[in-house]
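*Asks:* Structure provided below as structure tokens; questions to follow.
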Amino acid sequence: MASETRMIAIAGAGSIGCYVGGCLALAGRKVVFLGRGRVVEAMRESGLRVSDLDGRDRRVEAQAISASDDPAIALTDADVILVTVKSGATGEMARLIAAHGRPYAVVVSLQNGVNNADRLRAALPGRRVLTGMVMFNVVLSPDGELPLRAHRASQGEVMIDTGVDRLVDLLDVDGLAVEARADMKAVQWGKLLMNLNNALVALSDLPLARQLADRNWRAVLAAEIDEALAVMRAAGITPARITGLPPMLLPKMLRLPDWLFGLLARRMLAIDPQARSSMWDDLKRGRPTEIDELQGAVIRLAKQTGIPTPVNERVTALVRQAEAEKRGPPGLRPEAVSGGPRSA
């Protein structure tokens, strides 16, 4: 079967799902979006705008979009299912795929954390489930803005497991670079190190570029990564290189003075001024976050290995407090998150 004729279901029309699906649709791939509420309605009404940090700004017209909130419609004919829901919805999506998806459909988890692909495999025995990872940030336009816009606000590619013939050819399109990797578990742990910053963006209520430009906030992230690396060493996990630096050097880089960090970390700082984190958006909308899949993964492994993780535990507690209060991102200072005096 020619790759262009394979139906691709985007199982979760959120920010990542809209961007990935939009790029695929613009490249002529057959795409159907499975989503809920405002996103599906907005795409049906006025299409989907897809833009990125590199200057692309394109639009998929409404009449060219297939979008539904009915899994029986969206999943039944799919040859490839890209799972882009938040971690908390992985179990529900697995049940929908089991009920409505073709037995031979290839399922790819494009989700944060280190366990979602394993959860999908456990819930979908006998099916081909691949691990994937999205290495970039996507910002979805605010409620009411039409057409709906999915904007890739940082550099990066999509990485997926090897082993499925021509899958990369199907997914690697303009605006969406896709690479097959044989070390996806290491990639997941490498991405987790940087994803520990998602919570700091949410707690600070700062755009990502401003937050990373502040040495005091980077010092908190460096402390989180120090703890995570210690836990990984104790567990025998070697994270993949994600940012261009060996993971062990990340804390040193993050602790550099602002002027030197700005010179040496250009790739890390290649971010649109509007970019935030998905966890910030979750707090803004009063939704559960993925803190248990990020800092929580470090803490769970720490309990198994006996390594202390006080900074990750404090960050987790502060995010859970913000979730419970439902007042949005709390706008904390870095010293309030680190639990000590201002780092410099």
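The chains in the structure tokens are called A, B, ... from first to last as shown; in each chain the residues are counted from 1, and the ligands are counted from 1 in the order shown.
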What lies within 7 Å of Gly35 of chain A using only C-alpha atoms, ignoring chain neighbours under 2 positions off, as an mmCIF file with N, CA and C atoms, in the first residue's frame?

*Replies:*
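In the end it all went to result.cif:
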```cif
data_model
loop_
_atom_site.group_PDB
_atom_site.id
_atom_site.type_symbol
_atom_site.label_atom_id
_atom_site.label_comp_id
_atom_site.auth_asym_id
_atom_site.auth_seq_id
_atom_site.Cartn_x
_atom_site.Cartn_y
_atom_site.Cartn_z
ATOM 1 N N GLY A 12 -6.336 12.719 19.556
ATOM 2 C CA GLY A 12 -6.165 13.777 20.534
ATOM 3 C C GLY A 12 -5.842 15.084 19.857
ATOM 4 N N ALA A 13 -6.866 15.846 19.496
ATOM 5 C CA ALA A 13 -6.669 17.094 18.743
ATOM 6 C C ALA A 13 -6.399 18.246 19.698
ATOM 7 N N PHE A 33 -8.946 13.837 12.471
ATOM 8 C CA PHE A 33 -8.690 14.284 13.839
ATOM 9 C C PHE A 33 -9.788 13.757 14.765
ATOM 10 N N VAL A 39 -12.027 22.672 19.792
ATOM 11 C CA VAL A 39 -11.025 22.443 18.757
ATOM 12 C C VAL A 39 -11.666 21.850 17.509
ATOM 13 N N VAL A 40 -12.449 20.797 17.685
ATOM 14 C CA VAL A 40 -13.117 20.170 16.543
ATOM 15 C C VAL A 40 -14.090 21.147 15.897
ATOM 16 N N SER A 68 -13.698 14.730 14.059
ATOM 17 C CA SER A 68 -14.877 14.162 14.716
ATOM 18 C C SER A 68 -14.609 13.962 16.193
ATOM 19 N N ASP A 69 -15.688 13.988 16.968
ATOM 20 C CA ASP A 69 -15.585 13.609 18.374
ATOM 21 C C ASP A 69 -16.062 12.176 18.593
#
```

*Asks:* Can you tell me which residues surround segment 334-339 of chain A at a distance of at most 12 Å, considering only C-alpha atoms, apart from same-chain residues fewer than 2 positions away, and format the answer as a ChimeraX atom specification?

*Replies:* /A:199-206,211-212,214-224,309-319,330-332,341-344

*Asks:* Skipping near chain neighbours, those fewer than 5 positions away, what residues fall within 12 Å of Gly328 of chain A using only C-alpha atoms, listed as an MDAnalysis selection string?

*Replies:* chainID A and resid 202:205 279:289 319:323

*Asks:* If we count only C-alpha atoms, what is near Leu26 of chain A at a cut-off of 10 Å, once residues fewer than 2 positions away on the same chain are taken out, given as a list in words?

*Replies:* Gly21, Gly22, Cys23, Leu24, Gly28, Arg29, Lys30, Val31, Val50, Arg58, Arg59, Val60, Glu61, Ala64, Val173, Asp174 and Gly175 of chain A

*Asks:* Restrict the calculation to only C-alpha atoms, then for each residue of segment 263-285 of chain A with any atom at most 8 Å from an atom of segment 243-258 of chain A give the closest atom pair and their distance in Å to one decimal, rows by chain and rising residue number, as a tab-separated table.

*Replies:*
```
residue	atom	partner	partner_atom	distance
A:Ala265	CA	A:Met253	CA	7.9
A:Arg267	CA	A:Thr243	CA	7.5
A:Met268	CA	A:Thr243	CA	6.9
```

*Asks:* Extract, using only C-alpha atoms, all DNA, RNA and protein residues at most 8 Å from Gly156 of chain A, discarding same-chain residues fewer than 2 positions from it, and format them as an mmCIF file with C-alpha atoms, in the first residue's frame.

*Replies:*
```cif
data_model
loop_
_atom_site.group_PDB
_atom_site.id
_atom_site.type_symbol
_atom_site.label_atom_id
_atom_site.label_comp_id
_atom_site.auth_asym_id
_atom_site.auth_seq_id
_atom_site.Cartn_x
_atom_site.Cartn_y
_atom_site.Cartn_z
ATOM 1 C CA VAL A 134 7.919 15.193 20.165
ATOM 2 C CA MET A 135 10.961 17.365 20.746
ATOM 3 C CA PHE A 136 9.335 20.760 20.167
ATOM 4 C CA SER A 154 10.715 25.911 19.207
ATOM 5 C CA VAL A 158 9.662 13.857 16.133
ATOM 6 C CA ALA A 177 10.894 16.312 10.631
#
```

*Asks:* If DSSP is run on the backbone, what residues of segment 98-216 of chain A are strand (DSSP E or B)? A reply as a ChimeraX atom specification would be ideal.

*Replies:* /A:106-110,129-134,138-140,148-152,154,158-161,173,176,178-181

*Asks:* What would the file look like if the residues just selected were written as an mmCIF file, in the first residue's frame with C-alpha atoms?

*Replies:*
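Final output, saved to result24.cif:
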```
data_model
loop_
_atom_site.group_PDB
_atom_site.id
_atom_site.type_symbol
_atom_site.label_atom_id
_atom_site.label_comp_id
_atom_site.auth_asym_id
_atom_site.auth_seq_id
_atom_site.Cartn_x
_atom_site.Cartn_y
_atom_site.Cartn_z
ATOM 1 C CA VAL A 106 0.170 0.913 13.903
ATOM 2 C CA VAL A 107 -0.230 2.891 17.135
ATOM 3 C CA VAL A 108 2.403 5.538 17.945
ATOM 4 C CA SER A 109 2.555 7.297 21.305
ATOM 5 C CA LEU A 110 3.581 10.937 20.806
ATOM 6 C CA VAL A 129 2.610 0.009 19.475
ATOM 7 C CA LEU A 130 5.622 2.272 18.951
ATOM 8 C CA THR A 131 7.252 4.731 21.297
ATOM 9 C CA GLY A 132 7.531 8.269 19.979
ATOM 10 C CA MET A 133 8.610 11.628 21.314
ATOM 11 C CA VAL A 134 7.919 15.193 20.165
ATOM 12 C CA VAL A 138 3.461 23.948 20.233
ATOM 13 C CA VAL A 139 1.184 26.841 21.203
ATOM 14 C CA LEU A 140 -2.524 26.623 20.381
ATOM 15 C CA LEU A 148 -7.565 27.856 15.069
ATOM 16 C CA ARG A 149 -3.780 28.154 14.956
ATOM 17 C CA ALA A 150 -1.178 25.565 15.973
ATOM 18 C CA HIS A 151 2.219 27.252 16.151
ATOM 19 C CA ARG A 152 5.483 25.344 16.603
ATOM 20 C CA SER A 154 10.715 25.911 19.207
ATOM 21 C CA VAL A 158 9.662 13.857 16.133
ATOM 22 C CA MET A 159 11.452 10.630 17.032
ATOM 23 C CA ILE A 160 9.847 7.191 16.757
ATOM 24 C CA ASP A 161 10.816 3.551 17.147
ATOM 25 C CA VAL A 173 6.794 16.088 5.741
ATOM 26 C CA LEU A 176 7.496 18.021 10.575
ATOM 27 C CA VAL A 178 10.632 12.671 11.722
ATOM 28 C CA GLU A 179 13.524 10.383 12.642
ATOM 29 C CA ALA A 180 13.524 6.665 13.487
ATOM 30 C CA ARG A 181 15.567 5.716 16.564
#
```

*Asks:* Need to verify the contact set: Thr305 of chain A, 10 Å, only C-alpha atoms, exclusion of same-chain residues closer than 4 positions in sequence. Can you return it as a short mmCIF file (atom, residue, chain, number, x, y, z; two decimals) with C-alpha atoms, in the first residue's frame?

*Replies:*
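File written: around.cif
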```cif
data_model
loop_
_atom_site.label_atom_id
_atom_site.label_comp_id
_atom_site.auth_asym_id
_atom_site.auth_seq_id
_atom_site.Cartn_x
_atom_site.Cartn_y
_atom_site.Cartn_z
CA ALA A 230 21.54 10.66 40.21
CA VAL A 231 18.38 8.57 40.22
CA MET A 232 18.98 7.39 36.64
CA ARG A 233 22.57 6.40 37.44
CA ALA A 234 21.40 4.38 40.41
CA ALA A 235 18.78 2.65 38.24
CA ILE A 299 10.29 10.52 42.43
CA ARG A 300 9.00 6.98 41.85
CA LEU A 301 12.39 5.83 40.63
#
```

*Asks:* Using only C-alpha atoms for the distances, tell me which of A:Asp172, A:Gly91, A:Leu263, A:Asn112 is nearest to Ile16 of chain A.

*Replies:*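 Among the listed residues, A:Asn112 lies closest to Ile16 of chain A.
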
*Asks:* Pick the closest to Leu96 of chain A from A:Arg119, A:Pro71, A:Thr84, A:Gly163: which is it, counting only C-alpha atoms?

*Replies:* A:Pro71

*Asks:* Based on DSSP run over this structure's backbone, return all residues of segment 17-86 of chain A in alpha helix (DSSP H), as a VMD selection string.

*Replies:* chain A and resid 17 to 26 37 to 46 71 to 74

*Asks:* What does the distance from atom CA of His100 of chain A to atom CA of Leu75 of chain A come to in Å, to one decimal?

*Replies:*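 Between atom CA of His100 of chain A and atom CA of Leu75 of chain A the gap is 5.8 Å.
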
*Asks:* Go ahead and compute the interatomic distance for atom CA of Arg36 of chain A and atom CA of Asp292 of chain A, in Å to one decimal.

*Replies:*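 Interatomic distance here is 23.6 Å.
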